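As stored in target-v7.cif (mmCIF, C-alpha atoms and all ligand atoms):
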data_entry
loop_
_atom_site.group_PDB
_atom_site.id
_atom_site.type_symbol
_atom_site.label_atom_id
_atom_site.label_comp_id
_atom_site.auth_asym_id
_atom_site.auth_seq_id
_atom_site.Cartn_x
_atom_site.Cartn_y
_atom_site.Cartn_z
ATOM 1 C CA MET A 1 -21.436 -6.355 -30.477
ATOM 2 C CA ALA A 2 -21.890 -2.618 -30.650
ATOM 3 C CA GLN A 3 -23.986 -2.713 -27.493
ATOM 4 C CA VAL A 4 -21.280 -4.652 -25.663
ATOM 5 C CA GLU A 5 -18.732 -2.068 -26.749
ATOM 6 C CA THR A 6 -20.988 0.727 -25.501
ATOM 7 C CA ALA A 7 -21.700 -1.015 -22.213
ATOM 8 C CA VAL A 8 -17.993 -1.434 -21.540
ATOM 9 C CA ASN A 9 -16.617 1.865 -22.797
ATOM 10 C CA ALA A 10 -19.531 4.279 -22.338
ATOM 11 C CA PRO A 11 -22.086 2.622 -20.050
ATOM 12 C CA HIS A 12 -23.826 5.955 -19.347
ATOM 13 C CA ARG A 13 -25.209 5.852 -22.873
ATOM 14 C CA LEU A 14 -27.221 2.802 -21.874
ATOM 15 C CA GLY A 15 -28.637 4.507 -18.796
ATOM 16 C CA PHE A 16 -28.047 4.934 -15.106
ATOM 17 C CA LEU A 17 -26.584 1.754 -13.485
ATOM 18 C CA ALA A 18 -26.470 -0.074 -16.822
ATOM 19 C CA THR A 19 -23.619 -2.560 -16.844
ATOM 20 C CA LEU A 20 -22.463 -5.950 -18.059
ATOM 21 C CA ARG A 21 -20.776 -6.631 -14.748
ATOM 22 C CA ARG A 22 -22.000 -9.692 -12.874
ATOM 23 C CA ASP A 23 -20.031 -9.118 -9.656
ATOM 24 C CA THR A 24 -21.264 -7.283 -6.547
ATOM 25 C CA TRP A 25 -19.788 -3.983 -7.759
ATOM 26 C CA TRP A 26 -22.272 -1.987 -5.628
ATOM 27 C CA VAL A 27 -20.923 -3.275 -2.299
ATOM 28 C CA GLU A 28 -17.870 -0.999 -2.207
ATOM 29 C CA PRO A 29 -19.627 2.316 -3.030
ATOM 30 C CA ALA A 30 -22.474 1.448 -0.665
ATOM 31 C CA ALA A 31 -20.088 0.559 2.178
ATOM 32 C CA ILE A 32 -18.108 3.763 1.576
ATOM 33 C CA ALA A 33 -21.279 5.879 1.628
ATOM 34 C CA ILE A 34 -22.349 4.316 4.927
ATOM 35 C CA GLY A 35 -18.870 4.629 6.477
ATOM 36 C CA LEU A 36 -18.367 8.257 5.448
ATOM 37 C CA THR A 37 -21.843 9.223 6.610
ATOM 38 C CA ILE A 38 -21.348 7.634 10.031
ATOM 39 C CA PHE A 39 -17.811 8.872 10.693
ATOM 40 C CA LEU A 40 -18.087 12.368 9.223
ATOM 41 C CA GLY A 41 -21.599 12.770 10.602
ATOM 42 C CA TYR A 42 -20.397 11.903 14.094
ATOM 43 C CA LEU A 43 -17.419 14.285 13.906
ATOM 44 C CA SER A 44 -19.676 17.106 12.692
ATOM 45 C CA VAL A 45 -21.975 16.609 15.651
ATOM 46 C CA SER A 46 -19.048 16.130 18.029
ATOM 47 C CA ALA A 47 -17.655 19.566 17.200
ATOM 48 C CA PHE A 48 -20.753 21.109 18.798
ATOM 49 C CA LEU A 49 -21.156 18.714 21.729
ATOM 50 C CA ASP A 50 -19.819 21.147 24.309
ATOM 51 C CA GLY A 51 -22.220 19.852 26.948
ATOM 52 C CA TRP A 52 -20.760 16.338 26.748
ATOM 53 C CA SER A 53 -17.253 16.892 28.093
ATOM 54 C CA TYR A 54 -14.365 16.109 25.744
ATOM 55 C CA GLU A 55 -11.478 16.461 28.217
ATOM 56 C CA ILE A 56 -10.446 14.800 31.452
ATOM 57 C CA GLY A 57 -7.127 14.775 33.296
ATOM 58 C CA PRO A 58 -4.385 14.478 30.669
ATOM 59 C CA TYR A 59 -6.780 13.450 27.878
ATOM 60 C CA LEU A 60 -8.180 15.875 25.324
ATOM 61 C CA SER A 61 -10.220 14.738 22.328
ATOM 62 C CA PRO A 62 -8.073 15.198 19.179
ATOM 63 C CA ALA A 63 -11.032 16.994 17.551
ATOM 64 C CA PHE A 64 -10.184 19.868 19.948
ATOM 65 C CA GLU A 65 -6.403 19.691 19.590
ATOM 66 C CA PRO A 66 -4.603 22.102 19.896
ATOM 67 C CA LYS A 67 -6.282 23.243 23.082
ATOM 68 C CA LEU A 68 -8.002 26.551 22.374
ATOM 69 C CA HIS A 69 -10.907 26.379 24.815
ATOM 70 C CA GLY A 70 -10.219 28.545 27.814
ATOM 71 C CA VAL A 71 -8.671 31.024 25.390
ATOM 72 C CA TYR A 72 -11.765 31.713 23.301
ATOM 73 C CA ASP A 73 -14.543 30.716 25.693
ATOM 74 C CA ALA A 74 -16.360 33.981 25.101
ATOM 75 C CA TRP A 75 -16.914 33.056 21.479
ATOM 76 C CA TRP A 76 -20.242 31.503 20.678
ATOM 77 C CA PHE A 77 -19.052 28.694 18.496
ATOM 78 C CA SER A 78 -17.146 25.531 19.246
ATOM 79 C CA PRO A 79 -13.342 25.866 19.572
ATOM 80 C CA ALA A 80 -13.145 22.791 17.309
ATOM 81 C CA LEU A 81 -14.230 25.000 14.410
ATOM 82 C CA PHE A 82 -10.990 26.970 14.674
ATOM 83 C CA ILE A 83 -9.175 23.741 13.952
ATOM 84 C CA LEU A 84 -11.285 21.351 11.939
ATOM 85 C CA TRP A 85 -11.501 23.345 8.709
ATOM 86 C CA ILE A 86 -7.920 22.342 7.886
ATOM 87 C CA PRO A 87 -8.263 18.541 8.356
ATOM 88 C CA VAL A 88 -11.770 18.666 6.839
ATOM 89 C CA GLY A 89 -10.449 20.528 3.785
ATOM 90 C CA PHE A 90 -7.507 18.137 3.613
ATOM 91 C CA ARG A 91 -9.784 15.090 3.546
ATOM 92 C CA ALA A 92 -12.431 16.637 1.305
ATOM 93 C CA THR A 93 -9.848 17.349 -1.401
ATOM 94 C CA CYS A 94 -7.852 14.119 -0.871
ATOM 95 C CA TYR A 95 -7.330 12.163 -4.095
ATOM 96 C CA TYR A 96 -8.595 8.962 -2.502
ATOM 97 C CA TYR A 97 -11.676 10.527 -0.898
ATOM 98 C CA ARG A 98 -12.532 12.280 -4.159
ATOM 99 C CA ARG A 99 -12.701 8.896 -5.867
ATOM 100 C CA ALA A 100 -14.748 7.573 -2.958
ATOM 101 C CA TYR A 101 -17.400 10.255 -2.809
ATOM 102 C CA TYR A 102 -17.592 10.854 -6.550
ATOM 103 C CA ARG A 103 -18.642 7.211 -6.744
ATOM 104 C CA SER A 104 -20.621 6.755 -3.547
ATOM 105 C CA TYR A 105 -22.418 10.084 -3.235
ATOM 106 C CA LEU A 106 -22.385 11.618 -6.709
ATOM 107 C CA LEU A 107 -22.705 8.246 -8.538
ATOM 108 C CA GLN A 108 -20.492 9.693 -11.233
ATOM 109 C CA PRO A 109 -20.009 6.815 -11.995
ATOM 110 C CA PRO A 110 -20.923 4.433 -9.134
ATOM 111 C CA ALA A 111 -18.222 1.972 -10.308
ATOM 112 C CA CYS A 112 -16.082 1.116 -13.328
ATOM 113 C CA ALA A 113 -18.139 0.197 -16.410
ATOM 114 C CA VAL A 114 -21.427 1.101 -14.693
ATOM 115 C CA GLY A 115 -23.774 3.731 -16.088
ATOM 116 C CA ASP A 116 -23.652 7.102 -14.358
ATOM 117 C CA LEU A 117 -26.261 9.815 -14.018
ATOM 118 C CA GLY A 118 -25.360 11.133 -17.435
ATOM 119 C CA ARG A 119 -23.965 14.449 -16.291
ATOM 120 C CA LYS A 120 -20.993 15.624 -18.293
ATOM 121 C CA TYR A 121 -17.707 15.323 -16.429
ATOM 122 C CA ASP A 122 -14.954 17.443 -17.879
ATOM 123 C CA GLY A 123 -12.297 17.215 -15.235
ATOM 124 C CA GLU A 124 -11.518 19.592 -12.399
ATOM 125 C CA GLY A 125 -10.703 22.685 -14.428
ATOM 126 C CA HIS A 126 -13.858 24.653 -13.643
ATOM 127 C CA PHE A 127 -15.728 25.842 -10.558
ATOM 128 C CA PRO A 128 -16.560 24.163 -8.214
ATOM 129 C CA LEU A 129 -14.281 21.158 -8.818
ATOM 130 C CA ILE A 130 -11.307 23.411 -9.532
ATOM 131 C CA LEU A 131 -11.250 23.990 -5.755
ATOM 132 C CA GLN A 132 -9.925 20.428 -5.430
ATOM 133 C CA ASN A 133 -6.589 21.896 -6.506
ATOM 134 C CA LEU A 134 -6.340 23.496 -3.074
ATOM 135 C CA HIS A 135 -5.315 20.085 -1.778
ATOM 136 C CA ARG A 136 -1.613 20.849 -1.699
ATOM 137 C CA PHE A 137 -2.268 23.924 0.459
ATOM 138 C CA PHE A 138 -4.425 21.948 2.882
ATOM 139 C CA MET A 139 -1.551 19.459 2.972
ATOM 140 C CA TYR A 140 0.789 22.212 4.223
ATOM 141 C CA GLY A 141 -1.745 22.961 6.967
ATOM 142 C CA ALA A 142 -2.128 19.261 7.795
ATOM 143 C CA LEU A 143 1.641 19.001 8.289
ATOM 144 C CA ILE A 144 1.318 21.427 11.214
ATOM 145 C CA PHE A 145 -1.110 19.027 12.880
ATOM 146 C CA VAL A 146 1.369 16.132 12.938
ATOM 147 C CA PRO A 147 3.524 17.598 15.755
ATOM 148 C CA LEU A 148 0.462 19.148 17.431
ATOM 149 C CA LEU A 149 -1.233 15.755 17.717
ATOM 150 C CA TRP A 150 1.951 14.146 19.017
ATOM 151 C CA ILE A 151 2.245 16.901 21.638
ATOM 152 C CA GLY A 152 -1.338 16.114 22.671
ATOM 153 C CA ALA A 153 -0.535 12.390 22.764
ATOM 154 C CA ILE A 154 2.569 12.933 24.946
ATOM 155 C CA ARG A 155 0.558 15.254 27.177
ATOM 156 C CA GLY A 156 -1.726 12.235 27.651
ATOM 157 C CA PHE A 157 0.996 10.759 29.868
ATOM 158 C CA HIS A 158 1.058 13.723 32.244
ATOM 159 C CA ASP A 159 -1.901 14.453 34.475
ATOM 160 C CA PRO A 160 -1.886 18.130 35.541
ATOM 161 C CA ASP A 161 -2.554 17.180 39.188
ATOM 162 C CA GLN A 162 -0.955 13.744 39.560
ATOM 163 C CA GLY A 163 2.141 13.911 37.355
ATOM 164 C CA TRP A 164 3.477 11.340 34.897
ATOM 165 C CA GLY A 165 1.732 8.022 34.327
ATOM 166 C CA ILE A 166 0.087 5.931 31.679
ATOM 167 C CA GLY A 167 -3.463 4.895 30.912
ATOM 168 C CA LEU A 168 -5.399 3.287 28.116
ATOM 169 C CA GLY A 169 -6.305 6.771 26.932
ATOM 170 C CA SER A 170 -2.580 7.633 26.572
ATOM 171 C CA VAL A 171 -2.163 4.673 24.218
ATOM 172 C CA VAL A 172 -5.333 5.525 22.300
ATOM 173 C CA LEU A 173 -4.046 9.080 21.749
ATOM 174 C CA CYS A 174 -0.648 7.785 20.531
ATOM 175 C CA VAL A 175 -2.283 5.440 18.020
ATOM 176 C CA ASN A 176 -4.407 8.356 16.848
ATOM 177 C CA ALA A 177 -1.356 10.599 16.336
ATOM 178 C CA PHE A 178 0.455 7.794 14.492
ATOM 179 C CA LEU A 179 -2.426 7.027 12.112
ATOM 180 C CA LEU A 180 -3.030 10.687 11.282
ATOM 181 C CA MET A 181 0.708 11.134 10.724
ATOM 182 C CA MET A 182 0.743 8.195 8.316
ATOM 183 C CA TYR A 183 -2.326 9.487 6.509
ATOM 184 C CA THR A 184 -0.535 12.818 6.011
ATOM 185 C CA PHE A 185 2.823 11.308 5.068
ATOM 186 C CA SER A 186 1.245 8.935 2.534
ATOM 187 C CA CYS A 187 -0.552 11.813 0.768
ATOM 188 C CA HIS A 188 -0.005 12.111 -3.008
ATOM 189 C CA SER A 189 0.716 15.840 -2.695
ATOM 190 C CA PHE A 190 3.216 15.187 0.075
ATOM 191 C CA ARG A 191 4.922 12.622 -2.165
ATOM 192 C CA HIS A 192 5.238 15.270 -4.867
ATOM 193 C CA PHE A 193 6.400 17.801 -2.283
ATOM 194 C CA ILE A 194 9.207 15.420 -1.288
ATOM 195 C CA GLY A 195 10.368 14.143 -4.663
ATOM 196 C CA GLY A 196 8.564 16.091 -7.379
ATOM 197 C CA GLY A 197 9.998 18.664 -9.782
ATOM 198 C CA LEU A 198 13.415 17.055 -9.990
ATOM 199 C CA ASN A 199 15.082 16.281 -13.311
ATOM 200 C CA CYS A 200 17.879 14.278 -11.742
ATOM 201 C CA PHE A 201 17.748 12.172 -8.609
ATOM 202 C CA SER A 202 21.463 11.370 -8.475
ATOM 203 C CA CYS A 203 23.042 14.743 -9.221
ATOM 204 C CA SER A 204 23.789 15.882 -5.674
ATOM 205 C CA ALA A 205 23.656 14.743 -2.074
ATOM 206 C CA TRP A 206 20.486 16.835 -1.661
ATOM 207 C CA THR A 207 18.655 15.197 -4.602
ATOM 208 C CA ARG A 208 19.840 11.739 -3.543
ATOM 209 C CA ALA A 209 18.454 12.385 -0.061
ATOM 210 C CA ARG A 210 15.151 13.492 -1.581
ATOM 211 C CA LYS A 211 15.104 10.321 -3.711
ATOM 212 C CA GLY A 212 15.575 8.216 -0.579
ATOM 213 C CA LEU A 213 12.724 9.981 1.167
ATOM 214 C CA TRP A 214 10.571 9.808 -1.954
ATOM 215 C CA ASP A 215 11.041 6.026 -2.097
ATOM 216 C CA ARG A 216 9.902 5.780 1.522
ATOM 217 C CA VAL A 217 6.884 8.035 0.989
ATOM 218 C CA SER A 218 6.010 6.125 -2.200
ATOM 219 C CA ALA A 219 5.847 2.888 -0.191
ATOM 220 C CA TRP A 220 3.488 4.557 2.313
ATOM 221 C CA ASN A 221 1.485 6.069 -0.542
ATOM 222 C CA VAL A 222 0.594 2.592 -1.860
ATOM 223 C CA ASN A 223 -1.514 2.110 1.285
ATOM 224 C CA HIS A 224 -3.013 5.593 1.357
ATOM 225 C CA ARG A 225 -6.564 4.226 1.374
ATOM 226 C CA LEU A 226 -5.769 2.098 4.421
ATOM 227 C CA TRP A 227 -4.339 5.112 6.287
ATOM 228 C CA ALA A 228 -7.319 7.226 5.214
ATOM 229 C CA TRP A 229 -9.873 4.836 6.702
ATOM 230 C CA SER A 230 -7.946 3.732 9.766
ATOM 231 C CA SER A 231 -7.153 7.324 10.790
ATOM 232 C CA LEU A 232 -10.764 8.429 10.248
ATOM 233 C CA ALA A 233 -12.214 5.525 12.221
ATOM 234 C CA TRP A 234 -9.655 5.926 15.006
ATOM 235 C CA ILE A 235 -10.219 9.639 15.560
ATOM 236 C CA VAL A 236 -13.921 8.859 16.001
ATOM 237 C CA PHE A 237 -13.074 6.046 18.409
ATOM 238 C CA THR A 238 -10.674 8.321 20.336
ATOM 239 C CA ASP A 239 -13.243 11.079 20.667
ATOM 240 C CA VAL A 240 -15.922 8.617 21.824
ATOM 241 C CA TYR A 241 -13.538 6.941 24.281
ATOM 242 C CA ILE A 242 -12.407 10.188 25.911
ATOM 243 C CA ARG A 243 -15.968 11.468 26.160
ATOM 244 C CA LEU A 244 -17.144 8.221 27.760
ATOM 245 C CA VAL A 245 -14.352 8.470 30.342
ATOM 246 C CA ALA A 246 -14.803 12.217 30.878
ATOM 247 C CA ASN A 247 -18.524 11.851 31.489
ATOM 248 C CA GLY A 248 -18.260 8.929 33.864
ATOM 249 C CA HIS A 249 -19.689 6.193 31.606
ATOM 250 C CA ILE A 250 -16.536 4.034 31.689
ATOM 251 C CA THR A 251 -13.356 3.956 33.764
ATOM 252 C CA ASP A 252 -9.966 4.415 32.146
ATOM 253 C CA PRO A 253 -7.437 1.826 33.372
ATOM 254 C CA ASN A 254 -4.389 3.878 34.363
ATOM 255 C CA THR A 255 -1.615 4.372 36.891
ATOM 256 C CA TRP A 256 -3.202 7.512 38.324
ATOM 257 C CA SER A 257 -5.920 7.494 40.933
ATOM 258 C CA GLY A 258 -9.245 8.518 39.544
ATOM 259 C CA PHE A 259 -10.941 8.768 36.117
HETATM 260 S S1 LIG B 1 -4.074 12.466 -1.504
HETATM 261 FE FE1 LIG B 1 -5.160 11.855 0.267
HETATM 262 S S2 LIG B 1 -4.454 13.262 1.749
HETATM 263 FE FE2 LIG B 1 -3.426 13.914 -0.055
#
Can the structure in the file be given as structure tokens, please?
Amino acid sequence: MAQVETAVNAPHRLGFLATLRRDTWWVEPAAIAIGLTIFLGYLSVSAFLDGWSYEIGPYLSPAFEPKLHGVYDAWWFSPALFILWIPVGFRATCYYYRRAYYRSYLLQPPACAVGDLGRKYDGEGHFPLILQNLHRFFMYGALIFVPLLWIGAIRGFHDPDQGWGIGLGSVVLCVNAFLLMMYTFSCHSFRHFIGGGLNCFSCSAWTRARKGLWDRVSAWNVNHRLWAWSSLAWIVFTDVYIRLVANGHITDPNTWSGF
């Protein structure tokens, strides 16, 4: 009986991966590890793929939005690096992604009621995990990207040489802006930003308005994991799609002539 108690409440005492679970608990952390490695690995490489064009006509890969190339071309590193540290920091410190990579990469623990590596976890009050508390500040930065990505998506309807039109790439860019907006607006820190720190929701028109918004954000927040994965997968898809069009591998169906 004592061993059952230990296996349920403190499985690490029985050893790494020790568990009484009979389900396929390892599928989720394994799938997350594979997904994060593929998507984040691709985006890391993409930031340096200057030789494989990432822009054509009205389409610009969102990994390079806002458009800084042409301004800093003399600099030796990718213009994406001016931009990506904010969304990368935002995702790296995200409450959902923390859970995901603590389990899938750090195995600390790999799943509920499964033995971990035995390292002592004492919260996020010390270096380096205390840096996770920067999340709210990355969230402020991420909020700037919401309108920037929509500007890029709307620009996807206006070819510099041929004027207004629409193509599959325009739609892909809009979906990308929408998913990244929803990922940002469903953030736990954003939810606190909207409705936190209030002692009374009904005391004034201002607090009642915040309560209304907080209810809306709370509903989005329930699906934060869905927005996290869909926005990550879609930005990879968008970057790949635009590069394939820009480099002549596929043709974008559109109302313009060309590309
Ligand atoms: S909690 Fe995931 S982005 Fe803030």
Residues of chain A that approach ligand LIG 1 (chain B) to 6 Å or less, counting all atoms listed in the file: could you list each one with the shortest pair of atoms and its distance in Å to one decimal, rows by chain and increasing residue number, as a Markdown table?
| residue | atom | partner | partner_atom | distance |
| --- | --- | --- | --- | --- |
| A:Arg91 | CA | B:LIG1 | S2 | 5.9 |
| A:Cys94 | CA | B:LIG1 | FE1 | 3.7 |
| A:Tyr95 | CA | B:LIG1 | S1 | 4.2 |
| A:Tyr96 | CA | B:LIG1 | FE1 | 5.3 |
| A:Thr184 | CA | B:LIG1 | S2 | 5.8 |
| A:Cys187 | CA | B:LIG1 | FE2 | 3.7 |
| A:His188 | CA | B:LIG1 | S1 | 4.4 |
| A:Ser189 | CA | B:LIG1 | FE2 | 5.3 |
Computed gap from CA of Ala142 in chain A to CA of Pro87 in chain A is 6.2 Å
Result set of the PyMOL selection byres (((chain A and resi 243) around 10) and not hetatm) on the coordinates above, as an MDAnalysis selection string
chainID A and resid 46 49 52:56 59:61 237:242 244:250
From CA of Arg98 in chain A to CA of Ala113 in chain A the spacing works out at 18.1 Å
If you measure from CA of Arg119 in chain A to CA of Arg225 in chain A, what distance in Å do you get, rounded to one decimal?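 A separation of 26.8 Å between them.
Proximity to Pro160 in chain A at 9 Å, evaluated using only C-alpha atoms and with sequence-adjacent residues fewer than 3 positions away removed, yields A:Gly57, A:Pro58, A:Gly163, A:Trp164.
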Have range 40-55 of chain A completed to N, CA and C atoms, please, and pass it along as a compact mmCIF listing (two decimals), in the coordinates of the input.
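Saved the output as selection_27.txt:
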# COMPACT_ATOMS: atom_id res chain seq x y z
N LEU A 40 -18.09 10.91 9.39
CA LEU A 40 -18.09 12.37 9.22
C LEU A 40 -19.30 13.00 9.91
N GLY A 41 -20.42 12.27 9.90
CA GLY A 41 -21.60 12.77 10.60
C GLY A 41 -21.32 12.88 12.08
N TYR A 42 -20.70 11.86 12.66
CA TYR A 42 -20.40 11.90 14.09
C TYR A 42 -19.46 13.07 14.41
N LEU A 43 -18.39 13.22 13.61
CA LEU A 43 -17.42 14.28 13.91
C LEU A 43 -18.06 15.67 13.78
N SER A 44 -18.98 15.81 12.84
CA SER A 44 -19.68 17.11 12.69
C SER A 44 -20.49 17.41 13.94
N VAL A 45 -21.19 16.41 14.43
CA VAL A 45 -21.98 16.61 15.65
C VAL A 45 -21.05 16.83 16.84
N SER A 46 -19.97 16.06 16.89
CA SER A 46 -19.05 16.13 18.03
C SER A 46 -18.48 17.53 18.22
N ALA A 47 -18.25 18.23 17.11
CA ALA A 47 -17.66 19.57 17.20
C ALA A 47 -18.54 20.51 18.01
N PHE A 48 -19.83 20.21 18.09
CA PHE A 48 -20.75 21.11 18.80
C PHE A 48 -21.22 20.55 20.14
N LEU A 49 -20.70 19.35 20.49
CA LEU A 49 -21.16 18.71 21.73
C LEU A 49 -20.41 19.26 22.95
N ASP A 50 -20.52 20.54 23.18
CA ASP A 50 -19.82 21.15 24.31
C ASP A 50 -20.33 20.63 25.65
N GLY A 51 -21.63 20.29 25.69
CA GLY A 51 -22.22 19.85 26.95
C GLY A 51 -21.78 18.46 27.37
N TRP A 52 -21.23 17.69 26.46
CA TRP A 52 -20.76 16.34 26.75
C TRP A 52 -19.24 16.43 26.76
N SER A 53 -18.65 16.50 27.94
CA SER A 53 -17.25 16.89 28.09
C SER A 53 -16.31 16.08 27.21
N TYR A 54 -15.32 16.75 26.65
CA TYR A 54 -14.36 16.11 25.74
C TYR A 54 -12.93 16.14 26.31
N GLU A 55 -12.81 16.38 27.61
CA GLU A 55 -11.48 16.46 28.22
C GLU A 55 -11.55 15.96 29.65
